[in-house]
Every structure is written in C-alpha cells, then in structure tokens.
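File shown: query-v9.csv. Contents: CSV, C-alpha atoms and all ligand atoms.
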```
chain,number,residue,atom,x,y,z
A,1,MET,CA,-42.9,77.1,-110.9
A,2,PRO,CA,-45.2,76.3,-107.9
A,3,LEU,CA,-43.4,74.2,-105.2
A,4,GLU,CA,-45.9,71.4,-105.3
A,5,THR,CA,-45.1,70.6,-108.9
A,6,LEU,CA,-41.4,70.0,-108.2
A,7,CYS,CA,-40.2,66.4,-108.3
A,8,PRO,CA,-39.7,64.8,-104.8
A,9,ASP,CA,-35.8,64.8,-105.1
A,10,ILE,CA,-35.7,68.6,-105.6
A,11,LEU,CA,-38.3,69.2,-102.9
A,12,VAL,CA,-36.2,67.1,-100.5
A,13,SER,CA,-33.1,69.1,-101.4
A,14,ILE,CA,-34.9,72.3,-100.7
A,15,ALA,CA,-36.5,71.0,-97.4
A,16,GLU,CA,-33.0,69.9,-96.2
A,17,LEU,CA,-32.1,73.6,-96.1
A,18,LEU,CA,-35.0,74.3,-93.8
A,19,THR,CA,-35.5,73.9,-90.1
A,20,SER,CA,-37.8,71.1,-88.9
A,21,LYS,CA,-40.3,73.8,-87.8
A,22,ASP,CA,-40.3,75.3,-91.4
A,23,ILE,CA,-40.8,71.8,-92.9
A,24,LEU,CA,-43.8,71.3,-90.7
A,25,GLN,CA,-45.2,74.7,-91.7
A,26,LEU,CA,-44.6,73.9,-95.4
A,27,SER,CA,-46.3,70.5,-95.0
A,28,ILE,CA,-49.6,72.2,-93.8
A,29,THR,CA,-49.8,74.7,-96.7
A,30,CYS,CA,-51.4,72.3,-99.1
A,31,HIS,CA,-52.3,68.7,-99.6
A,32,SER,CA,-49.5,67.9,-102.1
A,33,LEU,CA,-46.8,69.4,-99.9
A,34,SER,CA,-48.1,67.5,-96.9
A,35,LYS,CA,-46.5,64.4,-98.6
A,36,ILE,CA,-43.2,65.8,-97.6
A,37,LEU,CA,-43.7,64.4,-94.1
A,38,TYR,CA,-43.5,60.9,-95.6
A,39,TYR,CA,-40.3,61.4,-97.4
A,40,GLU,CA,-38.1,59.1,-95.3
A,41,CYS,CA,-34.9,60.2,-97.0
A,42,LEU,CA,-35.5,63.8,-95.9
A,43,TRP,CA,-35.9,62.8,-92.2
A,44,LYS,CA,-33.0,60.4,-92.4
A,45,SER,CA,-30.9,63.2,-93.8
A,46,LEU,CA,-32.1,65.6,-91.0
A,47,CYS,CA,-31.4,62.9,-88.2
A,48,SER,CA,-27.9,62.6,-89.6
A,49,SER,CA,-27.1,66.2,-90.2
A,50,ILE,CA,-28.5,67.6,-87.0
A,51,TYR,CA,-28.1,64.8,-84.5
A,52,GLY,CA,-25.4,62.6,-86.1
A,53,ILE,CA,-27.7,59.6,-86.0
A,54,SER,CA,-28.6,57.5,-89.0
A,55,TYR,CA,-29.3,54.1,-87.3
A,56,LYS,CA,-32.8,53.3,-86.1
A,57,HIS,CA,-34.9,50.5,-84.8
A,58,PRO,CA,-36.7,48.5,-87.7
A,59,ASN,CA,-40.1,49.5,-86.3
A,60,GLN,CA,-39.2,53.2,-86.3
A,61,THR,CA,-39.5,55.5,-89.3
A,62,TYR,CA,-36.9,58.2,-89.7
A,63,HIS,CA,-39.7,60.7,-89.2
A,64,SER,CA,-40.6,59.2,-85.8
A,65,LEU,CA,-36.9,59.0,-84.9
A,66,PHE,CA,-36.5,62.6,-85.8
A,67,ARG,CA,-39.5,63.6,-83.6
A,68,SER,CA,-38.0,61.7,-80.7
A,69,LEU,CA,-34.6,63.4,-81.2
A,70,ASP,CA,-36.2,66.8,-81.5
A,71,ASN,CA,-38.2,66.3,-78.4
A,72,PRO,CA,-36.2,64.0,-76.1
A,73,GLY,CA,-37.8,65.1,-72.8
A,74,ASN,CA,-35.5,64.2,-69.9
A,75,SER,CA,-33.8,61.4,-71.9
A,76,ARG,CA,-30.3,61.6,-73.2
A,77,LEU,CA,-30.0,61.7,-77.0
A,78,PRO,CA,-29.0,58.4,-78.6
A,79,CYS,CA,-25.2,58.0,-78.8
A,80,PRO,CA,-23.9,59.1,-82.2
A,81,HIS,CA,-20.6,57.4,-81.5
A,82,ILE,CA,-21.8,53.9,-82.1
A,83,GLU,CA,-23.0,55.0,-85.6
A,84,LEU,CA,-20.0,53.6,-87.4
A,85,LEU,CA,-19.4,50.5,-85.3
A,86,ASP,CA,-20.4,47.5,-87.5
A,87,ILE,CA,-20.4,43.9,-86.6
A,88,HIS,CA,-19.2,43.0,-90.0
A,89,GLN,CA,-15.9,44.8,-89.6
A,90,THR,CA,-12.6,43.3,-88.5
A,91,PRO,CA,-13.2,40.4,-86.1
A,92,LEU,CA,-11.9,40.7,-82.6
A,93,HIS,CA,-8.3,40.0,-81.8
A,94,GLY,CA,-7.5,36.4,-81.1
A,95,LEU,CA,-6.2,37.3,-77.6
A,96,LEU,CA,-9.6,38.3,-76.5
A,97,VAL,CA,-11.3,35.1,-77.6
A,98,ASP,CA,-8.8,33.0,-75.5
A,99,LYS,CA,-8.9,35.2,-72.4
A,100,ALA,CA,-12.5,36.2,-72.1
A,101,THR,CA,-14.0,32.7,-72.3
A,102,ASP,CA,-12.6,32.3,-68.8
A,103,PRO,CA,-12.8,35.6,-66.9
A,104,VAL,CA,-10.3,34.3,-64.2
A,105,SER,CA,-7.6,34.2,-66.9
A,106,TRP,CA,-7.9,38.0,-67.2
A,107,GLU,CA,-6.1,38.4,-63.9
A,108,GLY,CA,-2.8,38.8,-65.7
A,109,VAL,CA,-4.1,41.2,-68.4
A,110,GLU,CA,-3.0,44.8,-67.9
A,111,CYS,CA,-3.9,48.2,-69.3
A,112,HIS,CA,-1.9,48.9,-72.4
A,113,GLU,CA,-0.6,52.2,-70.9
A,114,CYS,CA,-0.1,51.4,-67.2
A,115,ASP,CA,-0.1,48.5,-64.7
A,116,VAL,CA,-3.8,48.4,-63.8
A,117,LYS,CA,-4.8,44.8,-64.0
A,118,GLY,CA,-7.9,42.5,-63.8
A,119,ILE,CA,-11.1,42.1,-65.8
A,120,ASN,CA,-13.1,44.4,-63.3
A,121,SER,CA,-10.9,47.4,-64.1
A,122,LEU,CA,-10.4,47.2,-67.9
A,123,PHE,CA,-12.2,48.4,-71.0
A,124,ILE,CA,-11.8,47.4,-74.6
A,125,CYS,CA,-12.0,50.0,-77.4
A,126,MET,CA,-14.7,48.8,-79.8
A,127,SER,CA,-13.2,50.7,-82.8
A,128,PRO,CA,-12.4,48.2,-85.6
A,129,GLU,CA,-8.8,47.4,-85.8
A,130,CYS,CA,-8.1,49.0,-82.4
A,131,HIS,CA,-9.5,46.8,-79.6
A,132,ILE,CA,-6.9,48.2,-77.2
A,133,ILE,CA,-7.3,47.2,-73.6
A,134,LEU,CA,-7.2,50.2,-71.2
A,135,CYS,CA,-8.0,51.2,-67.6
A,136,GLN,CA,-10.7,53.8,-67.1
A,137,HIS,CA,-8.2,56.7,-66.9
A,138,HIS,CA,-6.5,55.7,-70.2
A,139,ALA,CA,-9.7,54.8,-71.9
A,140,LYS,CA,-11.0,58.3,-71.2
A,141,SER,CA,-7.9,59.9,-72.7
A,142,HIS,CA,-7.9,57.4,-75.6
A,143,ALA,CA,-11.5,58.6,-76.3
A,144,SER,CA,-10.6,62.3,-76.2
A,145,LEU,CA,-7.3,62.1,-78.0
A,146,ARG,CA,-8.3,59.9,-80.9
A,147,CYS,CA,-11.0,60.6,-83.4
A,148,VAL,CA,-14.7,60.0,-82.7
A,149,HIS,CA,-14.5,56.3,-83.5
A,150,HIS,CA,-12.6,55.5,-80.3
A,151,ASN,CA,-15.2,56.7,-77.7
A,152,VAL,CA,-17.1,53.5,-77.2
A,153,PHE,CA,-15.7,50.7,-75.0
A,154,PHE,CA,-16.8,47.2,-74.1
A,155,LYS,CA,-16.5,46.3,-70.4
A,156,PRO,CA,-15.7,42.6,-70.4
A,157,ASN,CA,-16.5,41.7,-66.8
A,158,ILE,CA,-20.2,42.8,-67.2
A,159,GLY,CA,-20.7,42.7,-71.0
A,160,GLU,CA,-21.9,46.3,-71.3
A,161,ILE,CA,-21.0,49.1,-73.6
A,162,PHE,CA,-19.9,52.5,-72.2
A,163,CYS,CA,-19.4,55.7,-74.3
A,164,PHE,CA,-16.8,58.1,-72.8
A,165,SER,CA,-18.2,61.0,-74.8
A,166,CYS,CA,-21.9,60.5,-73.8
A,167,ILE,CA,-20.5,59.5,-70.4
A,168,ASP,CA,-23.1,56.8,-70.0
A,169,TRP,CA,-23.8,53.1,-70.4
A,170,LEU,CA,-25.6,52.5,-73.7
A,171,GLY,CA,-28.8,50.6,-74.3
A,172,ASN,CA,-30.4,51.2,-70.9
A,173,GLU,CA,-34.1,50.8,-70.5
A,174,CYS,CA,-34.7,54.6,-70.7
A,175,ALA,CA,-32.6,55.0,-73.9
A,176,ASN,CA,-34.1,55.7,-77.3
A,177,ILE,CA,-35.2,52.4,-78.9
A,178,ALA,CA,-32.8,53.2,-81.8
A,179,GLU,CA,-29.9,53.1,-79.4
A,180,ARG,CA,-31.2,50.0,-77.6
A,181,TYR,CA,-31.5,48.2,-80.8
A,182,LYS,CA,-28.1,49.1,-82.1
A,183,GLU,CA,-26.5,48.4,-78.7
A,184,GLU,CA,-28.1,45.0,-78.5
A,185,ILE,CA,-26.8,43.9,-81.9
A,186,LEU,CA,-23.2,45.1,-81.1
A,187,ASN,CA,-23.4,43.6,-77.7
A,188,ASP,CA,-24.6,40.2,-78.9
A,189,HIS,CA,-21.9,40.1,-81.4
A,190,TRP,CA,-19.2,40.9,-78.9
A,191,SER,CA,-20.6,38.6,-76.3
A,192,ILE,CA,-20.6,35.7,-78.7
A,193,VAL,CA,-17.0,36.3,-79.5
A,194,MET,CA,-15.9,37.0,-76.0
A,195,TYR,CA,-17.7,34.5,-73.8
A,196,CYS,CA,-18.4,30.8,-73.5
A,197,PRO,CA,-22.1,30.1,-73.7
A,198,SER,CA,-22.6,29.5,-69.9
A,199,TYR,CA,-20.8,32.8,-69.0
A,200,ARG,CA,-22.8,34.6,-71.7
A,201,GLN,CA,-26.1,33.4,-70.2
A,202,LYS,CA,-25.1,34.5,-66.7
A,203,ASN,CA,-23.9,37.8,-68.0
A,204,THR,CA,-27.2,38.5,-69.8
A,205,SER,CA,-29.4,37.9,-66.7
A,206,ASP,CA,-26.9,39.9,-64.5
A,207,LYS,CA,-27.0,42.7,-67.0
A,208,LEU,CA,-30.8,43.1,-66.8
A,209,ARG,CA,-30.6,43.2,-63.0
A,210,ARG,CA,-27.7,45.7,-63.1
A,211,ARG,CA,-29.5,48.0,-65.5
A,212,GLU,CA,-32.6,48.0,-63.4
A,213,GLU,CA,-30.7,48.8,-60.3
A,214,ARG,CA,-28.7,51.6,-62.0
A,215,ILE,CA,-32.0,53.3,-62.8
A,216,VAL,CA,-33.2,52.8,-59.2
A,217,ARG,CA,-30.0,54.1,-57.7
A,218,TRP,CA,-29.5,57.2,-59.9
A,219,ARG,CA,-33.2,58.2,-59.7
A,220,ASP,CA,-32.5,59.0,-56.1
A,221,SER,CA,-31.4,62.6,-56.5
A,222,PRO,CA,-31.5,64.7,-53.3
A,223,HIS,CA,-34.6,66.5,-54.7
A,224,TYR,CA,-36.3,63.1,-55.4
A,225,ILE,CA,-35.6,61.8,-51.9
A,226,ALA,CA,-36.7,65.0,-50.2
A,227,THR,CA,-39.9,65.5,-52.2
A,228,SER,CA,-41.2,62.0,-52.5
A,229,GLY,CA,-43.7,62.5,-49.7
A,230,ARG,CA,-42.6,59.2,-48.0
A,231,PRO,CA,-40.2,58.8,-45.1
A,232,ILE,CA,-36.5,59.1,-45.9
A,233,CYS,CA,-34.6,55.8,-45.2
A,234,PHE,CA,-31.1,55.3,-43.8
A,235,ILE,CA,-28.7,52.8,-45.3
A,236,PRO,CA,-25.1,52.0,-44.4
A,237,THR,CA,-22.8,54.0,-46.6
A,238,GLU,CA,-20.4,51.1,-46.8
A,239,TRP,CA,-23.1,48.9,-48.4
A,240,MET,CA,-24.2,51.7,-50.7
A,241,ASN,CA,-20.6,52.1,-51.9
A,242,THR,CA,-20.4,48.4,-52.7
A,243,TRP,CA,-23.8,48.6,-54.5
A,244,GLU,CA,-22.6,51.5,-56.6
A,245,GLN,CA,-19.4,49.6,-57.5
A,246,TYR,CA,-21.6,46.8,-58.7
A,247,ILE,CA,-24.0,49.1,-60.6
A,248,GLU,CA,-21.2,50.9,-62.4
A,249,GLY,CA,-19.4,47.6,-63.3
A,250,TRP,CA,-16.4,47.8,-61.0
A,251,GLN,CA,-17.6,44.6,-59.3
A,252,THR,CA,-19.1,41.8,-61.3
A,253,ASP,CA,-21.4,40.4,-58.6
A,254,HIS,CA,-24.1,42.2,-56.6
A,255,PRO,CA,-23.4,42.9,-52.9
A,256,PRO,CA,-24.7,40.5,-50.3
A,257,MET,CA,-27.3,41.2,-47.7
A,258,ILE,CA,-27.8,44.6,-46.0
A,259,ASP,CA,-26.9,44.2,-42.4
A,260,LEU,CA,-28.5,47.0,-40.3
A,261,ARG,CA,-27.8,45.2,-37.0
A,262,LEU,CA,-24.2,46.6,-37.0
A,263,TRP,CA,-25.6,50.1,-36.1
A,264,TYR,CA,-27.2,49.0,-32.9
A,265,LEU,CA,-26.1,48.2,-29.3
A,266,SER,CA,-27.9,45.4,-27.5
A,267,ASN,CA,-30.2,47.9,-25.7
A,268,GLY,CA,-31.6,49.0,-29.1
A,269,TYR,CA,-29.9,52.3,-29.3
A,270,LEU,CA,-27.6,53.3,-32.1
A,271,ARG,CA,-23.9,53.0,-31.4
A,272,PRO,CA,-22.6,56.4,-30.3
A,273,ASN,CA,-19.7,56.3,-32.8
A,274,ILE,CA,-21.9,56.2,-35.9
A,275,ALA,CA,-21.3,59.3,-38.0
A,276,PHE,CA,-24.2,60.9,-39.7
A,277,ASN,CA,-23.6,64.0,-41.9
A,278,PRO,CA,-25.5,64.1,-45.2
A,279,PHE,CA,-23.3,67.0,-46.3
A,280,ALA,CA,-20.1,64.9,-46.1
A,281,PRO,CA,-20.5,61.7,-48.2
A,282,SER,CA,-16.9,60.6,-47.5
A,283,THR,CA,-17.2,60.6,-43.7
A,284,THR,CA,-20.8,59.7,-43.0
A,285,ASP,CA,-21.7,56.1,-42.0
A,286,ILE,CA,-25.3,56.6,-43.2
A,287,THR,CA,-26.6,57.4,-46.7
A,288,LEU,CA,-30.1,58.7,-47.3
A,289,ILE,CA,-32.3,56.9,-49.8
A,290,SER,CA,-35.9,57.3,-50.9
A,291,TRP,CA,-38.7,55.0,-49.7
A,292,ASP,CA,-39.0,53.8,-53.3
A,293,THR,CA,-35.4,52.7,-53.4
A,294,TRP,CA,-35.8,51.0,-50.0
A,295,ALA,CA,-38.8,49.1,-51.3
A,296,TYR,CA,-36.7,47.9,-54.2
A,297,LEU,CA,-33.8,46.8,-52.0
A,298,GLU,CA,-36.2,45.1,-49.6
A,299,ASN,CA,-37.6,43.0,-52.4
A,300,ASN,CA,-34.2,42.1,-53.9
A,301,TYR,CA,-31.7,41.8,-51.1
A,302,PRO,CA,-31.8,40.0,-47.8
A,303,ILE,CA,-32.1,42.5,-45.0
A,304,LEU,CA,-30.9,41.8,-41.4
A,305,GLY,CA,-32.1,44.1,-38.6
A,306,ALA,CA,-34.7,46.8,-38.5
A,307,LEU,CA,-34.9,49.7,-40.9
A,308,LEU,CA,-34.2,53.2,-39.6
A,309,THR,CA,-36.2,56.0,-41.2
A,310,GLU,CA,-36.6,59.7,-40.3
A,311,ASN,CA,-39.9,58.8,-38.6
A,312,ASN,CA,-38.3,56.5,-36.0
A,313,LEU,CA,-35.3,58.7,-35.4
A,314,SER,CA,-37.0,60.3,-32.4
A,315,THR,CA,-36.6,57.0,-30.5
A,316,GLN,CA,-32.8,57.4,-30.7
A,317,LYS,CA,-30.6,59.3,-28.2
A,318,ASN,CA,-28.7,61.2,-30.8
A,319,ASN,CA,-31.8,62.3,-32.6
A,320,ASN,CA,-31.4,66.1,-32.0
A,321,ARG,CA,-28.3,66.7,-33.9
A,322,TRP,CA,-29.3,64.2,-36.6
A,323,SER,CA,-32.7,65.7,-37.0
A,324,THR,CA,-31.2,69.2,-37.4
A,325,TYR,CA,-28.8,68.0,-40.1
A,326,LEU,CA,-31.7,66.2,-41.8
A,327,GLU,CA,-34.0,69.2,-41.8
A,328,VAL,CA,-31.3,71.5,-43.2
A,329,TRP,CA,-30.4,68.9,-45.9
A,330,LYS,CA,-34.1,68.5,-46.9
A,331,ARG,CA,-34.6,72.3,-47.2
A,332,ARG,CA,-31.5,72.5,-49.5
A,333,ALA,CA,-32.6,69.5,-51.5
A,334,ARG,CA,-36.0,71.0,-52.1
A,335,GLY,CA,-34.3,74.2,-53.2
A,336,GLU,CA,-35.7,76.4,-50.3
A,401,ZN,ZN,-21.6,58.4,-77.4
A,402,ZN,ZN,-4.1,52.6,-67.6
A,403,ZN,ZN,-9.3,52.7,-80.0
```
Translate this file's structure into structure tokens.
Amino acid sequence: MPLETLCPDILVSIAELLTSKDILQLSITCHSLSKILYYECLWKSLCSSIYGISYKHPNQTYHSLFRSLDNPGNSRLPCPHIELLDIHQTPLHGLLVDKATDPVSWEGVECHECDVKGINSLFICMSPECHIILCQHHAKSHASLRCVHHNVFFKPNIGEIFCFSCIDWLGNECANIAERYKEEILNDHWSIVMYCPSYRQKNTSDKLRRREERIVRWRDSPHYIATSGRPICFIPTEWMNTWEQYIEGWQTDHPPMIDLRLWYLSNGYLRPNIAFNPFAPSTTDITLISWDTWAYLENNYPILGALLTENNLSTQKNNNRWSTYLEVWKRRARGE
C-alpha cells in the first residue's frame, strides 16, 4: 500500500519512529505527504519525546516550537521541569500567604534543613504538595535527590523562578517564548497568592529591571570585553559584587550609586594601595567591564567621579604594571 494512502493516524505513528530530518525528507517526496508537516499531533509528540516539552505559547504551533528546539542557536532549551507544574493543583500552604504579604515578617523563617534565615536567602519548592522552604544549598540537594518535579523553586524576595537542573532563572527575555509564557502564568499565580497588591506591583517592575541587568552583566564574558573594539572600563569590584548579589536575587534592591572618587587622591592620582589583578577576582579592587556595560550603568545608576578606562590609564603612575596585566589578560581573553 503506498504511504500517501494511509490514514493520518497511521502516518503519524510511522513518522514518530523517524528522525526530524527523515520527516522533512518524507514531506518533500510528494504533495500528499507534504501534509505531514501540518500534523500538529506529530510535532507535539516529537517535542515531548525528544525534548520533554509539551507546553507552548498560544501563538506557536508545535511545528514552530519543534524547529526552535531543534535549532536553538546560543539559547538554552526551554526548561522541561516546569512541564508538570500547574496552577490548578494544590493551593499554596497557608503559612506562605500570611508571611509573604509582608516580606519583613520572613525574618524569622528558616530553611527547613538548617538555620539559614531571611527572605533574601530562601527558596520555595514549587512542586504541588511540597512547597518546602529551603536555603540554596538544601534546595540544590532537594532538586537532585527528589524526582524531577522538585527542581523548580520560587524565590520569594524577588518573585522569580529558578530551576536547579537547568541552573538558570526561567522566563528571561532571551528564553524561548514557550518558556516565557509558561513562566509568566506560574509566576502570576504565585505572586497573587504570595504578595499584597502593592508589593506585587513593585516586584513586577523590579523584576523587569533585574532581568535586563542580568543579561547586561553576563553578556560581559572576557572574550566579549576584549573583542568589543571599545575601551575596556574599570569598575570597583566591591560595587560589582553588590550588583551581582542584586542581579542573582540575594539582595532585593539594586545597589546605590557608583562612587569612583574613592580610588583617587586629591592630586588626581590613583591611591597606591588599590589592587589591580584581573587574574585574581577575589583580591582585585577593580573589575573590567565592556564599554556597552558601562553605557548601561551610566544611564541607570548615579555615577560620582570620573571613569577610568584603559585609554586614560597612561596618565596614572602605576600604569606600567597595570598595562602589562591588562595586555596579558586581553590576549588570553581573545584566545591568542
Ligand atoms: Zn529546568
Ligand atoms: Zn539549609
Ligand atoms: Zn519539593
């Protein structure tokens, strides 16, 4: 019996045994088999069996979802672990409703497994009927020891969702629209239960800012900084550490202004005790960032004092040693 005369169900069952490449080949053999590309149930089944994803954005077809999963470029694949989280399952534990409407009252709340306290340090397992409150360390082991349904956590101080298996925040701007859609639904549901309206509103605008800054910060790989073609900029490591704490949700509020004046003596020279060593992030007082990141910071944070870049380093007394460090760092970052 010729393939094209088979009923769609049988054709789909056969196609499910093929690779996506074979299906595409099959679809171009004749007009009637080209219809196979429009069998949504086939693509849904492939998304689920190959990538573990069967949720999608309403504007996506499963075929377009499959194509984006098959060819994700530099993006992470959508998190398969939120697949089974459903807003209609068991409502949140009453404790959370009472505590989280006022974040200050979280001060006494501890990790279920140790004595880590405070809303900034705790996560809530989003698995229905679990909702255990844990510190990062214990959330990680909870995710790896329990079955797949316990990987995804809500971070109550910032109202964001983190997957300990994908090791990423979910629903970021660069995530697949399927994940962004699913994350938004879950997040809205949790936020309504967790927060009073004014805190929820603040959280939503903070979240947009934090997500944008997360992309800006982690785009700055050594390679990106060294090959951007613009001058490398110097930022106090202490400020960068506070910024990263905010971006990754360990601090609820963004850091205050960037004070570059602390580096300088009254004669305009850098203080001699400032340490610069780009190979030792834990001891250097100065962190390197790209010009693009500097441009973002300049537009979004008050800056006190003048910016130091690799271009105006030559006006400084200690420029020889610093320039040598910088040149070696740049060569390594460029992979030379
Ligand atoms: Zn995940
Ligand atoms: Zn703990
Ligand atoms: Zn759990």
### Residues within 8 Å of ligand ZN 403 (chain A), counting all atoms listed in the file, as a VMD selection string
chain A and resid 124 to 132 142 to 143 146 149 to 151
Cut-off 6 Å: closest chain A/ligand ZN 402 (chain A) atom pairs per residue, using all atoms listed in the file, as a tab-separated table:
```
residue	atom	partner	partner_atom	distance
A:Cys111	CA	A:ZN402	ZN	4.7
A:Glu113	CA	A:ZN402	ZN	4.8
A:Cys114	CA	A:ZN402	ZN	4.2
A:Val116	CA	A:ZN402	ZN	5.7
A:Leu134	CA	A:ZN402	ZN	5.3
A:Cys135	CA	A:ZN402	ZN	4.1
A:His137	CA	A:ZN402	ZN	5.8
A:His138	CA	A:ZN402	ZN	4.7
```
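Across A:Asp206, A:Asp9, A:Asp168, A:Glu40, the tightest approach to Phe153 of chain A is made by A:Asp168 when counting all atoms listed in the file.
For the set A:Thr252, A:Ser221, A:Thr204, A:Gln25, the residue with the smallest atom-to-atom gap to Asn120 of chain A is A:Thr252, counting only C-alpha atoms.
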### Message
Hey, which residues sit close to ligand ZN 401 (chain A)? Say within 12 Å, counting only C-alpha atoms and all ligand atoms, and write them as a VMD selection string.
### Response
chain A and resid 51 to 53 76 to 85 143 to 144 148 to 153 161 to 171 179 183
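Atom to atom, atom CA of Arg209 of chain A and atom CA of Tyr195 of chain A stand 18.9 Å apart.
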### Query
What is the atom CA of Tyr296 of chain A-atom CA of Asn273 of chain A distance in Å, reported with one decimal?
28.6 Å
Need to verify the contact set: segment 260-272 of chain A, 12 Å, all atoms listed in the file, exclusion of same-chain residues closer than 5 positions in sequence. Can you return it as an mmCIF file with C-alpha atoms, keeping the file's coordinate frame?
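What follows is the written file selection.cif:
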```
data_model
loop_
_atom_site.group_PDB
_atom_site.id
_atom_site.type_symbol
_atom_site.label_atom_id
_atom_site.label_comp_id
_atom_site.auth_asym_id
_atom_site.auth_seq_id
_atom_site.Cartn_x
_atom_site.Cartn_y
_atom_site.Cartn_z
ATOM 1 C CA CYS A 233 -34.600 55.800 -45.200
ATOM 2 C CA PHE A 234 -31.100 55.300 -43.800
ATOM 3 C CA ILE A 235 -28.700 52.800 -45.300
ATOM 4 C CA PRO A 236 -25.100 52.000 -44.400
ATOM 5 C CA THR A 237 -22.800 54.000 -46.600
ATOM 6 C CA GLU A 238 -20.400 51.100 -46.800
ATOM 7 C CA TRP A 239 -23.100 48.900 -48.400
ATOM 8 C CA ASP A 285 -21.700 56.100 -42.000
ATOM 9 C CA ILE A 286 -25.300 56.600 -43.200
ATOM 10 C CA PRO A 302 -31.800 40.000 -47.800
ATOM 11 C CA ILE A 303 -32.100 42.500 -45.000
ATOM 12 C CA LEU A 304 -30.900 41.800 -41.400
ATOM 13 C CA GLY A 305 -32.100 44.100 -38.600
ATOM 14 C CA ALA A 306 -34.700 46.800 -38.500
ATOM 15 C CA LEU A 307 -34.900 49.700 -40.900
ATOM 16 C CA LEU A 308 -34.200 53.200 -39.600
ATOM 17 C CA THR A 309 -36.200 56.000 -41.200
ATOM 18 C CA ASN A 312 -38.300 56.500 -36.000
ATOM 19 C CA LEU A 313 -35.300 58.700 -35.400
ATOM 20 C CA SER A 314 -37.000 60.300 -32.400
ATOM 21 C CA THR A 315 -36.600 57.000 -30.500
ATOM 22 C CA GLN A 316 -32.800 57.400 -30.700
ATOM 23 C CA LYS A 317 -30.600 59.300 -28.200
ATOM 24 C CA ASN A 318 -28.700 61.200 -30.800
ATOM 25 C CA ASN A 319 -31.800 62.300 -32.600
ATOM 26 C CA TRP A 322 -29.300 64.200 -36.600
#
```
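For the pair atom CA of Ser20 of chain A and atom CA of Asn172 of chain A, the separation is 27.8 Å.
Among the candidates A:Val12, A:Ala226, A:Ile119, A:Ala275, the residue lying nearest to Ile158 of chain A is A:Ile119 (atoms considered: all atoms listed in the file).
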#### Entry: Near-Arg219 of chain A list (12 Å; all atoms listed in the file; drop same-chain fewer than 4 positions) as a PyMOL selection string
chain A and resi 174+212-215+223-225+228+289-293
Within-9 Å shell of (-36.7, 53.1, -84.9) in input frame, all atoms listed in the file, as a PDB file with C-alpha atoms, in the frame of the given file:
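Listed below is the output, result03.pdb:
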```pdb
ATOM      1  CA  TYR A  55     -29.300  54.100 -87.300  1.00  0.00           C
ATOM      2  CA  LYS A  56     -32.800  53.300 -86.100  1.00  0.00           C
ATOM      3  CA  HIS A  57     -34.900  50.500 -84.800  1.00  0.00           C
ATOM      4  CA  PRO A  58     -36.700  48.500 -87.700  1.00  0.00           C
ATOM      5  CA  ASN A  59     -40.100  49.500 -86.300  1.00  0.00           C
ATOM      6  CA  GLN A  60     -39.200  53.200 -86.300  1.00  0.00           C
ATOM      7  CA  THR A  61     -39.500  55.500 -89.300  1.00  0.00           C
ATOM      8  CA  TYR A  62     -36.900  58.200 -89.700  1.00  0.00           C
ATOM      9  CA  SER A  64     -40.600  59.200 -85.800  1.00  0.00           C
ATOM     10  CA  LEU A  65     -36.900  59.000 -84.900  1.00  0.00           C
ATOM     11  CA  ASN A 176     -34.100  55.700 -77.300  1.00  0.00           C
ATOM     12  CA  ILE A 177     -35.200  52.400 -78.900  1.00  0.00           C
ATOM     13  CA  ALA A 178     -32.800  53.200 -81.800  1.00  0.00           C
ATOM     14  CA  GLU A 179     -29.900  53.100 -79.400  1.00  0.00           C
ATOM     15  CA  TYR A 181     -31.500  48.200 -80.800  1.00  0.00           C
TER      16      TYR A 181
END
```
### Message
For Gln251 of chain A, find every residue with an atom within 9 Å (counting only C-alpha atoms), except residues of its own chain fewer than 6 positions away, and show them as a list of chain:residue names.
### Response
A:Asn120, A:Ser121, A:Asn157, A:Ile158, A:Thr242, A:Trp243, A:Glu244, A:Gln245
